[in-house]
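**Q** Pasting entry20.txt here (compact mmCIF, C-alpha atoms and all ligand atoms):
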```
# COMPACT_ATOMS: atom_id res chain seq x y z
CA MET A 1 -12.07 -19.02 -5.22
CA GLU A 2 -13.16 -16.23 -2.88
CA LEU A 3 -10.95 -14.98 -0.03
CA LEU A 4 -11.28 -12.14 2.46
CA GLY A 5 -8.91 -9.21 1.96
CA ILE A 6 -8.38 -6.59 4.67
CA ASP A 7 -6.43 -3.37 4.20
CA ILE A 8 -5.24 -1.72 7.44
CA GLY A 9 -4.41 1.94 6.84
CA GLY A 10 -3.64 4.97 8.95
CA SER A 11 -7.22 6.26 8.78
CA GLY A 12 -9.38 3.26 7.87
CA ILE A 13 -9.63 -0.52 7.92
CA LYS A 14 -11.27 -1.77 4.71
CA ALA A 15 -12.40 -5.30 3.97
CA ALA A 16 -14.11 -7.17 1.14
CA LEU A 17 -14.48 -10.62 -0.34
CA VAL A 18 -12.35 -10.99 -3.46
CA ASP A 19 -12.60 -13.35 -6.41
CA VAL A 20 -8.88 -14.18 -6.62
CA GLU A 21 -9.13 -15.64 -10.14
CA LYS A 22 -10.54 -12.37 -11.49
CA GLY A 23 -9.01 -9.87 -9.05
CA VAL A 24 -12.34 -8.18 -8.31
CA LEU A 25 -14.40 -7.48 -5.20
CA VAL A 26 -17.45 -9.72 -4.94
CA SER A 27 -19.00 -8.13 -1.84
CA ASP A 28 -19.62 -4.68 -0.43
CA ARG A 29 -16.58 -2.80 0.86
CA TYR A 30 -16.83 -2.68 4.66
CA ARG A 31 -14.93 0.21 6.26
CA LEU A 32 -14.19 0.99 9.90
CA PRO A 33 -12.13 3.94 11.14
CA THR A 34 -8.68 2.97 12.46
CA PRO A 35 -8.81 3.41 16.26
CA GLU A 36 -6.74 6.13 17.86
CA PRO A 37 -4.24 5.48 19.24
CA SER A 38 -3.71 2.74 16.65
CA VAL A 39 -2.41 0.22 19.19
CA PRO A 40 -2.38 -3.54 18.34
CA ASP A 41 -5.23 -4.61 20.65
CA ALA A 42 -7.65 -1.92 19.44
CA VAL A 43 -6.85 -2.47 15.75
CA ALA A 44 -7.17 -6.26 16.12
CA GLY A 45 -10.62 -5.72 17.67
CA GLU A 46 -11.75 -3.80 14.58
CA VAL A 47 -10.30 -6.42 12.22
CA ALA A 48 -12.28 -9.07 14.13
CA LYS A 49 -15.43 -6.94 13.66
CA ALA A 50 -14.81 -6.83 9.91
CA VAL A 51 -14.37 -10.62 9.78
CA ARG A 52 -17.64 -11.09 11.70
CA HIS A 53 -19.41 -8.70 9.32
CA PHE A 54 -18.75 -11.19 6.51
CA HIS A 55 -19.48 -14.27 8.73
CA TRP A 56 -16.08 -15.42 7.45
CA THR A 57 -14.20 -18.42 8.81
CA GLY A 58 -11.72 -19.04 5.97
CA PRO A 59 -8.24 -17.67 5.20
CA VAL A 60 -7.73 -13.91 5.56
CA GLY A 61 -5.11 -11.78 3.82
CA CYS A 62 -4.30 -8.57 5.63
CA THR A 63 -2.09 -5.58 4.80
CA PHE A 64 -0.15 -3.53 7.31
CA PRO A 65 1.73 -0.25 6.69
CA ALA A 66 5.15 -1.42 7.93
CA VAL A 67 7.94 -3.91 7.28
CA VAL A 68 6.35 -7.33 7.88
CA LYS A 69 8.49 -10.46 8.05
CA GLY A 70 7.02 -13.85 8.91
CA GLY A 71 3.90 -12.01 10.12
CA VAL A 72 5.86 -9.82 12.56
CA ALA A 73 5.95 -6.00 12.27
CA LEU A 74 9.54 -4.74 12.23
CA SER A 75 8.85 -1.02 11.81
CA ALA A 76 6.09 1.53 12.50
CA ALA A 77 6.60 4.78 10.60
CA ASN A 78 2.99 5.97 10.54
CA VAL A 79 1.34 3.75 13.17
CA ASP A 80 1.75 3.38 16.92
CA LYS A 81 5.31 2.36 17.84
CA SER A 82 4.00 -0.49 20.03
CA TRP A 83 3.52 -2.49 16.81
CA ILE A 84 7.26 -3.05 16.46
CA GLY A 85 7.95 -6.69 17.32
CA THR A 86 4.24 -7.60 17.38
CA ASP A 87 3.39 -10.91 15.71
CA ILE A 88 0.44 -9.47 13.76
CA GLN A 89 -0.46 -12.81 12.23
CA ALA A 90 -0.70 -14.54 15.63
CA LEU A 91 -2.63 -11.60 17.12
CA LEU A 92 -5.19 -11.51 14.31
CA HIS A 93 -5.49 -15.31 14.27
CA ASN A 94 -6.27 -15.29 17.99
CA ARG A 95 -8.86 -12.53 17.63
CA THR A 96 -10.59 -13.81 14.48
CA GLY A 97 -10.13 -17.59 14.71
CA CYS A 98 -9.17 -17.53 11.01
CA PRO A 99 -5.82 -18.40 9.43
CA VAL A 100 -4.26 -15.02 8.62
CA LEU A 101 -1.44 -13.93 6.32
CA VAL A 102 -0.08 -10.41 6.84
CA LEU A 103 2.06 -8.45 4.38
CA ASN A 104 3.21 -4.89 3.75
CA ASP A 105 0.45 -2.65 2.31
CA ALA A 106 2.38 -1.45 -0.75
CA ASP A 107 3.56 -5.00 -1.50
CA ALA A 108 -0.10 -6.08 -1.50
CA ALA A 109 -1.12 -3.22 -3.82
CA GLY A 110 1.78 -4.18 -6.08
CA LEU A 111 0.70 -7.84 -6.25
CA ALA A 112 -2.76 -6.73 -7.36
CA GLU A 113 -1.41 -4.33 -10.02
CA ILE A 114 1.07 -6.89 -11.39
CA GLU A 115 -1.54 -9.62 -11.69
CA PHE A 116 -4.59 -7.61 -12.76
CA GLY A 117 -3.69 -3.94 -13.24
CA ALA A 118 -1.11 -1.56 -14.66
CA GLY A 119 1.79 -4.00 -14.25
CA LYS A 120 0.17 -6.94 -16.01
CA GLY A 121 2.66 -8.66 -18.34
CA GLU A 122 5.40 -6.11 -17.56
CA LYS A 123 8.94 -7.51 -17.42
CA GLY A 124 12.14 -5.97 -16.04
CA LEU A 125 12.26 -3.79 -12.94
CA VAL A 126 8.83 -2.44 -12.05
CA ILE A 127 8.39 -0.09 -9.08
CA LEU A 128 4.93 0.62 -7.71
CA LEU A 129 4.75 3.58 -5.34
CA THR A 130 1.73 4.39 -3.20
CA PHE A 131 1.41 8.07 -2.32
CA GLY A 132 -0.73 8.51 0.78
CA THR A 133 0.08 9.18 4.44
CA GLY A 134 3.58 7.92 3.61
CA ILE A 135 5.14 6.56 0.44
CA GLY A 136 4.98 2.79 0.10
CA SER A 137 6.95 0.79 -2.45
CA ALA A 138 6.64 -2.58 -4.15
CA VAL A 139 9.53 -3.70 -6.35
CA PHE A 140 9.13 -6.45 -8.95
CA VAL A 141 11.83 -8.14 -11.00
CA ASN A 142 10.28 -9.90 -14.01
CA GLY A 143 7.01 -10.17 -12.09
CA ALA A 144 8.55 -11.46 -8.84
CA LEU A 145 8.11 -9.32 -5.73
CA VAL A 146 11.15 -8.19 -3.72
CA PRO A 147 9.27 -7.61 -0.43
CA ASN A 148 9.66 -4.83 2.16
CA THR A 149 11.69 -2.40 0.05
CA GLU A 150 10.65 0.76 1.99
CA LEU A 151 11.77 3.18 -0.73
CA GLY A 152 9.67 5.93 0.86
CA HIS A 153 12.43 6.39 3.41
CA ILE A 154 15.19 7.26 0.94
CA GLU A 155 16.79 10.52 2.03
CA ILE A 156 16.32 13.66 -0.02
CA ARG A 157 17.71 17.02 1.11
CA GLY A 158 18.29 15.63 4.59
CA LYS A 159 14.72 14.37 4.98
CA GLU A 160 12.99 11.07 4.30
CA GLY A 161 11.41 11.09 0.82
CA GLU A 162 7.92 10.47 2.21
CA LYS A 163 8.21 13.50 4.53
CA ARG A 164 8.67 15.69 1.42
CA ALA A 165 6.56 14.02 -1.24
CA ALA A 166 3.75 11.88 0.28
CA ALA A 167 0.23 12.92 -0.71
CA ARG A 168 -0.37 13.89 2.92
CA ILE A 169 2.32 16.59 2.64
CA ARG A 170 0.48 18.14 -0.33
CA THR A 171 -2.70 18.56 1.71
CA GLU A 172 -0.98 19.49 4.99
CA LYS A 173 1.20 22.15 3.40
CA LYS A 174 -1.58 23.18 0.99
CA LEU A 175 0.76 22.72 -1.97
CA GLY A 176 -0.66 23.17 -5.48
CA TRP A 177 -0.23 20.28 -7.94
CA LYS A 178 2.74 21.99 -9.58
CA LYS A 179 4.70 22.47 -6.34
CA TRP A 180 3.93 18.96 -5.15
CA ALA A 181 4.79 17.45 -8.55
CA LYS A 182 8.21 19.11 -8.32
CA ARG A 183 8.85 17.23 -5.08
CA VAL A 184 7.59 13.96 -6.57
CA ASP A 185 9.77 14.55 -9.63
CA GLU A 186 12.88 14.97 -7.48
CA TYR A 187 11.99 11.86 -5.49
CA LEU A 188 11.43 9.74 -8.60
CA GLY A 189 14.64 11.13 -10.11
CA ARG A 190 16.55 9.82 -7.10
CA LEU A 191 15.01 6.36 -7.51
CA GLU A 192 15.88 6.39 -11.22
CA TYR A 193 19.46 7.32 -10.40
CA LEU A 194 19.77 4.46 -7.90
CA LEU A 195 17.73 1.70 -9.55
CA SER A 196 17.19 2.39 -13.30
CA PRO A 197 13.67 0.94 -13.34
CA ASP A 198 11.74 0.04 -16.50
CA LEU A 199 8.35 1.20 -15.23
CA PHE A 200 6.92 3.31 -12.41
CA ILE A 201 3.33 2.65 -11.36
CA ILE A 202 1.82 5.46 -9.30
CA GLY A 203 -0.73 4.24 -6.78
CA GLY A 204 -2.33 5.34 -3.52
CA GLY A 205 -5.42 7.51 -3.09
CA VAL A 206 -3.91 10.35 -5.13
CA SER A 207 -3.59 8.14 -8.23
CA LYS A 208 -7.21 8.97 -9.08
CA ASP A 209 -5.99 12.54 -9.71
CA HIS A 210 -3.14 11.40 -11.98
CA ALA A 211 -4.22 13.77 -14.77
CA GLN A 212 -3.31 16.68 -12.46
CA PHE A 213 0.31 15.71 -11.85
CA LEU A 214 1.62 12.93 -14.12
CA PRO A 215 1.99 15.34 -17.07
CA LEU A 216 4.15 17.59 -14.83
CA LEU A 217 6.77 14.88 -14.18
CA HIS A 218 10.03 14.59 -16.15
CA THR A 219 11.21 11.05 -15.43
CA GLN A 220 12.89 9.16 -18.26
CA THR A 221 11.27 5.96 -17.04
CA ARG A 222 7.83 5.10 -18.37
CA ILE A 223 5.26 6.07 -15.74
CA VAL A 224 1.61 5.00 -15.52
CA PRO A 225 -1.20 5.36 -12.96
CA ALA A 226 -2.34 2.32 -10.99
CA LYS A 227 -5.57 0.77 -12.24
CA LEU A 228 -7.12 -0.73 -9.12
CA LEU A 229 -7.14 2.59 -7.21
CA ASN A 230 -8.18 2.15 -3.59
CA GLU A 231 -9.13 -1.50 -4.08
CA ALA A 232 -5.54 -2.60 -4.75
CA GLY A 233 -4.72 -3.24 -1.08
CA ILE A 234 -7.79 -5.41 -0.46
CA VAL A 235 -7.34 -7.36 -3.70
CA GLY A 236 -3.60 -7.85 -3.10
CA ALA A 237 -4.20 -9.01 0.49
CA ALA A 238 -6.65 -11.64 -0.76
CA LEU A 239 -4.25 -12.74 -3.53
CA ALA A 240 -1.48 -13.21 -0.95
CA ALA A 241 -3.84 -15.32 1.21
CA ARG A 242 -3.88 -17.98 -1.53
CA ALA A 243 -0.64 -19.16 0.10
CA ILE A 244 -2.61 -20.28 3.20
CA ALA A 245 -5.81 -21.37 1.43
C1 LIG A 301 5.98 2.58 5.78
C2 LIG A 301 5.79 1.49 4.76
C3 LIG A 301 4.40 1.61 4.11
C4 LIG A 301 4.19 3.01 3.59
C5 LIG A 301 2.79 3.21 3.01
C6 LIG A 301 5.72 3.93 5.16
O1 LIG A 301 5.85 4.93 6.11
O2 LIG A 301 7.30 2.56 6.30
O3 LIG A 301 5.94 0.23 5.34
O4 LIG A 301 4.31 0.69 3.08
O5 LIG A 301 4.39 3.97 4.61
O6 LIG A 301 1.81 2.99 3.96
```
Mind turning the file's structure into structure tokens?

**A**
Amino acid sequence: MELLGIDIGGSGIKAALVDVEKGVLVSDRYRLPTPEPSVPDAVAGEVAKAVRHFHWTGPVGCTFPAVVKGGVALSAANVDKSWIGTDIQALLHNRTGCPVLVLNDADAAGLAEIEFGAGKGEKGLVILLTFGTGIGSAVFVNGALVPNTELGHIEIRGKEGEKRAAARIRTEKKLGWKKWAKRVDEYLGRLEYLLSPDLFIIGGGVSKDHAQFLPLLHTQTRIVPAKLLNEAGIVGAALAARAIA
């Protein structure tokens, strides 16, 4: 079965058709810049453009970088605050005409990694973290997702973890890999202390550079890079849309 996956991020909206039995893209990857300001109406317009690009009328899975419950955004850390309380599913359904399922972006990436990537067959407590504009988290217990965990907001030295250790902070503050890895190490250490996971999966755009920083980390927990790189969000969105297919 093929479904359309859409990944809404802080800088881009990416869409592709996904073979949900194999977990692979079966079309080109269509990308549009996220409008600024990233208000609901403008973003929904771009999502509708992406759907039209594929001449798609079937179910759509869509990620969003916030807490999403029953299709409604309940937070907005790195997007326009007007999203809070917006029924994203209803909005996108109205604009695209397609049935739409919306879920948190890191949860989607996690679903893709657990089914087809670095988390395949892993039991126990698995934590996938996406390092990008913020830090997203997807927590799995014996393969089952605990949605909307928001571990990027855990406080470290009086600041939210993602404000110290997201990949964006490395580029903004021009930190070398070693300095940034120290921050990531401290952040992961805090998660270990609180949750005693069995596996960390490191995702997000920066995971392609894992050779630069994974060897610099000192966690006791096994730690591996994500396998689906920047396709995880699109694939996971499509996998989630099986629920409405
Ligand atoms: C948001 C999360 C999101 C993460 C990655 C955080 O700021 O609160 O919902 O998953 O960024 O985009």

**Q** For A:Val184, please output as a list in words all residues within 8 Å (counting all atoms listed in the file; exclusion window: fewer than 3 positions along the same chain).

**A** Ala165, Trp180, Ala181, Tyr187, Leu188 and Leu217 of chain A

**Q** Can you tell me how far atom CA of A:Thr149 sits from atom O2 of ligand LIG 301 (chain A), in Å to one decimal?

**A** 9.1 Å

**Q** Could you build a table of the residues in chain A lying no more than 7 Å from ligand LIG 301 (chain A), giving for each the nearest pair of atoms and their separation in Å rounded to one decimal place, using all atoms listed in the file, ordered by chain and ascending residue number, as a tab-separated table?

**A**
```
residue	atom	partner	partner_atom	distance
A:Gly9	CA	A:LIG301	O6	6.9
A:Pro65	CA	A:LIG301	C3	4.2
A:Ala66	CA	A:LIG301	O3	3.2
A:Val67	CA	A:LIG301	O3	5.0
A:Ser75	CA	A:LIG301	O2	6.8
A:Ala76	CA	A:LIG301	O2	6.4
A:Ala77	CA	A:LIG301	O1	4.6
A:Asn78	CA	A:LIG301	O1	5.4
A:Asn104	CA	A:LIG301	O4	5.7
A:Asp105	CA	A:LIG301	O4	5.2
A:Ala106	CA	A:LIG301	O4	4.8
A:Thr130	CA	A:LIG301	C5	6.4
A:Gly132	CA	A:LIG301	C5	6.7
A:Thr133	CA	A:LIG301	O6	6.4
A:Gly134	CA	A:LIG301	O5	4.2
A:Ile135	CA	A:LIG301	C5	4.8
A:Gly136	CA	A:LIG301	C4	3.6
A:Ser137	CA	A:LIG301	O4	6.1
A:Glu150	CA	A:LIG301	C2	5.6
A:Gly152	CA	A:LIG301	C6	6.2
```

**Q** Rounded to one decimal place, report the atom CA of A:Ser38-atom CA of A:Leu151 distance in Å.

**A**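 A separation of 23.3 Å between them.
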
**Q** Using only C-alpha atoms for the distances, tell me which of A:Ala241, A:Gly161, A:Leu4, A:Leu229 is nearest to A:Asp209.

**A**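 Ranked by minimum distance to A:Asp209, first place goes to A:Leu229.
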
**Q** At a cut-off of 10 Å, using only C-alpha atoms, what residues contact A:Ala243? Leave out same-chain residues fewer than 2 positions from it and give the result as a PyMOL selection string.

**A** chain A and resi 59+61+101+238-241+245

**Q** Quick one: of A:Ala48, A:Ile114, A:Ile201, A:Ile223, who's nearest to A:Phe131, counting all atoms listed in the file?

**A** A:Ile201

**Q** Would you kindly place all heavy atoms on stretch 218-229 of chain A and return the model as a PDB file, keeping the file's coordinate frame?

**A**
```pdb
ATOM      1  N   HIS A 218       9.028  14.634 -15.074  1.00  0.00           N
ATOM      2  CA  HIS A 218      10.030  14.590 -16.150  1.00  0.00           C
ATOM      3  C   HIS A 218      10.880  13.327 -16.122  1.00  0.00           C
ATOM      4  O   HIS A 218      11.998  13.325 -16.609  1.00  0.00           O
ATOM      5  CB  HIS A 218      10.951  15.808 -16.043  1.00  0.00           C
ATOM      6  CG  HIS A 218      10.209  17.096 -16.153  1.00  0.00           C
ATOM      7  ND1 HIS A 218       9.732  17.773 -15.048  1.00  0.00           N
ATOM      8  CD2 HIS A 218       9.841  17.806 -17.238  1.00  0.00           C
ATOM      9  CE1 HIS A 218       9.108  18.853 -15.462  1.00  0.00           C
ATOM     10  NE2 HIS A 218       9.158  18.909 -16.774  1.00  0.00           N
ATOM     11  N   THR A 219      10.387  12.265 -15.519  1.00  0.00           N
ATOM     12  CA  THR A 219      11.210  11.050 -15.430  1.00  0.00           C
ATOM     13  C   THR A 219      11.456  10.488 -16.831  1.00  0.00           C
ATOM     14  O   THR A 219      10.634  10.629 -17.729  1.00  0.00           O
ATOM     15  CB  THR A 219      10.466   9.967 -14.614  1.00  0.00           C
ATOM     16  OG1 THR A 219       9.138   9.876 -15.129  1.00  0.00           O
ATOM     17  CG2 THR A 219      10.407  10.321 -13.160  1.00  0.00           C
ATOM     18  N   GLN A 220      12.619   9.834 -16.973  1.00  0.00           N
ATOM     19  CA  GLN A 220      12.890   9.160 -18.260  1.00  0.00           C
ATOM     20  C   GLN A 220      12.152   7.834 -18.309  1.00  0.00           C
ATOM     21  O   GLN A 220      11.786   7.348 -19.366  1.00  0.00           O
ATOM     22  CB  GLN A 220      14.389   8.911 -18.395  1.00  0.00           C
ATOM     23  CG  GLN A 220      15.156  10.193 -18.663  1.00  0.00           C
ATOM     24  CD  GLN A 220      16.653   9.988 -18.559  1.00  0.00           C
ATOM     25  OE1 GLN A 220      17.148   8.865 -18.510  1.00  0.00           O
ATOM     26  NE2 GLN A 220      17.372  11.095 -18.530  1.00  0.00           N
ATOM     27  N   THR A 221      11.953   7.253 -17.144  1.00  0.00           N
ATOM     28  CA  THR A 221      11.270   5.960 -17.040  1.00  0.00           C
ATOM     29  C   THR A 221       9.803   6.122 -17.404  1.00  0.00           C
ATOM     30  O   THR A 221       9.184   7.132 -17.062  1.00  0.00           O
ATOM     31  CB  THR A 221      11.378   5.453 -15.585  1.00  0.00           C
ATOM     32  OG1 THR A 221      12.737   5.545 -15.179  1.00  0.00           O
ATOM     33  CG2 THR A 221      10.880   4.040 -15.441  1.00  0.00           C
ATOM     34  N   ARG A 222       9.256   5.130 -18.087  1.00  0.00           N
ATOM     35  CA  ARG A 222       7.830   5.100 -18.370  1.00  0.00           C
ATOM     36  C   ARG A 222       7.072   5.156 -17.044  1.00  0.00           C
ATOM     37  O   ARG A 222       7.476   4.517 -16.061  1.00  0.00           O
ATOM     38  CB  ARG A 222       7.513   3.796 -19.104  1.00  0.00           C
ATOM     39  CG  ARG A 222       6.240   3.778 -19.904  1.00  0.00           C
ATOM     40  CD  ARG A 222       6.377   2.791 -21.060  1.00  0.00           C
ATOM     41  NE  ARG A 222       6.820   1.479 -20.588  1.00  0.00           N
ATOM     42  CZ  ARG A 222       5.992   0.482 -20.233  1.00  0.00           C
ATOM     43  NH1 ARG A 222       4.690   0.644 -20.266  1.00  0.00           N
ATOM     44  NH2 ARG A 222       6.482  -0.676 -19.849  1.00  0.00           N
ATOM     45  N   ILE A 223       5.995   5.908 -17.008  1.00  0.00           N
ATOM     46  CA  ILE A 223       5.260   6.070 -15.740  1.00  0.00           C
ATOM     47  C   ILE A 223       3.757   6.018 -16.015  1.00  0.00           C
ATOM     48  O   ILE A 223       3.278   6.691 -16.930  1.00  0.00           O
ATOM     49  CB  ILE A 223       5.702   7.385 -15.046  1.00  0.00           C
ATOM     50  CG1 ILE A 223       5.014   7.591 -13.711  1.00  0.00           C
ATOM     51  CG2 ILE A 223       5.515   8.608 -15.899  1.00  0.00           C
ATOM     52  CD1 ILE A 223       5.740   8.587 -12.830  1.00  0.00           C
ATOM     53  N   VAL A 224       3.051   5.171 -15.277  1.00  0.00           N
ATOM     54  CA  VAL A 224       1.610   5.000 -15.520  1.00  0.00           C
ATOM     55  C   VAL A 224       0.859   5.014 -14.186  1.00  0.00           C
ATOM     56  O   VAL A 224       1.428   4.660 -13.150  1.00  0.00           O
ATOM     57  CB  VAL A 224       1.303   3.673 -16.259  1.00  0.00           C
ATOM     58  CG1 VAL A 224       1.899   3.647 -17.653  1.00  0.00           C
ATOM     59  CG2 VAL A 224       1.787   2.462 -15.448  1.00  0.00           C
ATOM     60  N   PRO A 225      -0.417   5.424 -14.205  1.00  0.00           N
ATOM     61  CA  PRO A 225      -1.200   5.360 -12.960  1.00  0.00           C
ATOM     62  C   PRO A 225      -1.626   3.922 -12.664  1.00  0.00           C
ATOM     63  O   PRO A 225      -1.792   3.119 -13.582  1.00  0.00           O
ATOM     64  CB  PRO A 225      -2.422   6.227 -13.261  1.00  0.00           C
ATOM     65  CG  PRO A 225      -2.553   6.235 -14.742  1.00  0.00           C
ATOM     66  CD  PRO A 225      -1.183   6.001 -15.326  1.00  0.00           C
ATOM     67  N   ALA A 226      -1.817   3.625 -11.386  1.00  0.00           N
ATOM     68  CA  ALA A 226      -2.340   2.320 -10.990  1.00  0.00           C
ATOM     69  C   ALA A 226      -3.767   2.197 -11.513  1.00  0.00           C
ATOM     70  O   ALA A 226      -4.448   3.200 -11.740  1.00  0.00           O
ATOM     71  CB  ALA A 226      -2.310   2.210  -9.470  1.00  0.00           C
ATOM     72  N   LYS A 227      -4.219   0.961 -11.696  1.00  0.00           N
ATOM     73  CA  LYS A 227      -5.570   0.770 -12.240  1.00  0.00           C
ATOM     74  C   LYS A 227      -6.597   0.415 -11.179  1.00  0.00           C
ATOM     75  O   LYS A 227      -7.771   0.675 -11.338  1.00  0.00           O
ATOM     76  CB  LYS A 227      -5.554  -0.349 -13.284  1.00  0.00           C
ATOM     77  CG  LYS A 227      -4.987   0.117 -14.610  1.00  0.00           C
ATOM     78  CD  LYS A 227      -5.333  -0.859 -15.721  1.00  0.00           C
ATOM     79  CE  LYS A 227      -4.794  -0.338 -17.051  1.00  0.00           C
ATOM     80  NZ  LYS A 227      -4.452  -1.437 -17.964  1.00  0.00           N
ATOM     81  N   LEU A 228      -6.133  -0.235 -10.084  1.00  0.00           N
ATOM     82  CA  LEU A 228      -7.120  -0.730  -9.120  1.00  0.00           C
ATOM     83  C   LEU A 228      -7.470   0.306  -8.038  1.00  0.00           C
ATOM     84  O   LEU A 228      -8.276   0.039  -7.156  1.00  0.00           O
ATOM     85  CB  LEU A 228      -6.637  -2.025  -8.457  1.00  0.00           C
ATOM     86  CG  LEU A 228      -6.778  -3.250  -9.354  1.00  0.00           C
ATOM     87  CD1 LEU A 228      -5.569  -3.467 -10.222  1.00  0.00           C
ATOM     88  CD2 LEU A 228      -7.085  -4.485  -8.545  1.00  0.00           C
ATOM     89  N   LEU A 229      -6.865   1.475  -8.123  1.00  0.00           N
ATOM     90  CA  LEU A 229      -7.140   2.590  -7.210  1.00  0.00           C
ATOM     91  C   LEU A 229      -7.206   2.101  -5.772  1.00  0.00           C
ATOM     92  O   LEU A 229      -6.335   1.385  -5.341  1.00  0.00           O
ATOM     93  CB  LEU A 229      -8.413   3.329  -7.648  1.00  0.00           C
ATOM     94  CG  LEU A 229      -8.319   3.892  -9.075  1.00  0.00           C
ATOM     95  CD1 LEU A 229      -9.612   4.567  -9.489  1.00  0.00           C
ATOM     96  CD2 LEU A 229      -7.141   4.858  -9.227  1.00  0.00           C
TER      97      LEU A 229
END
```
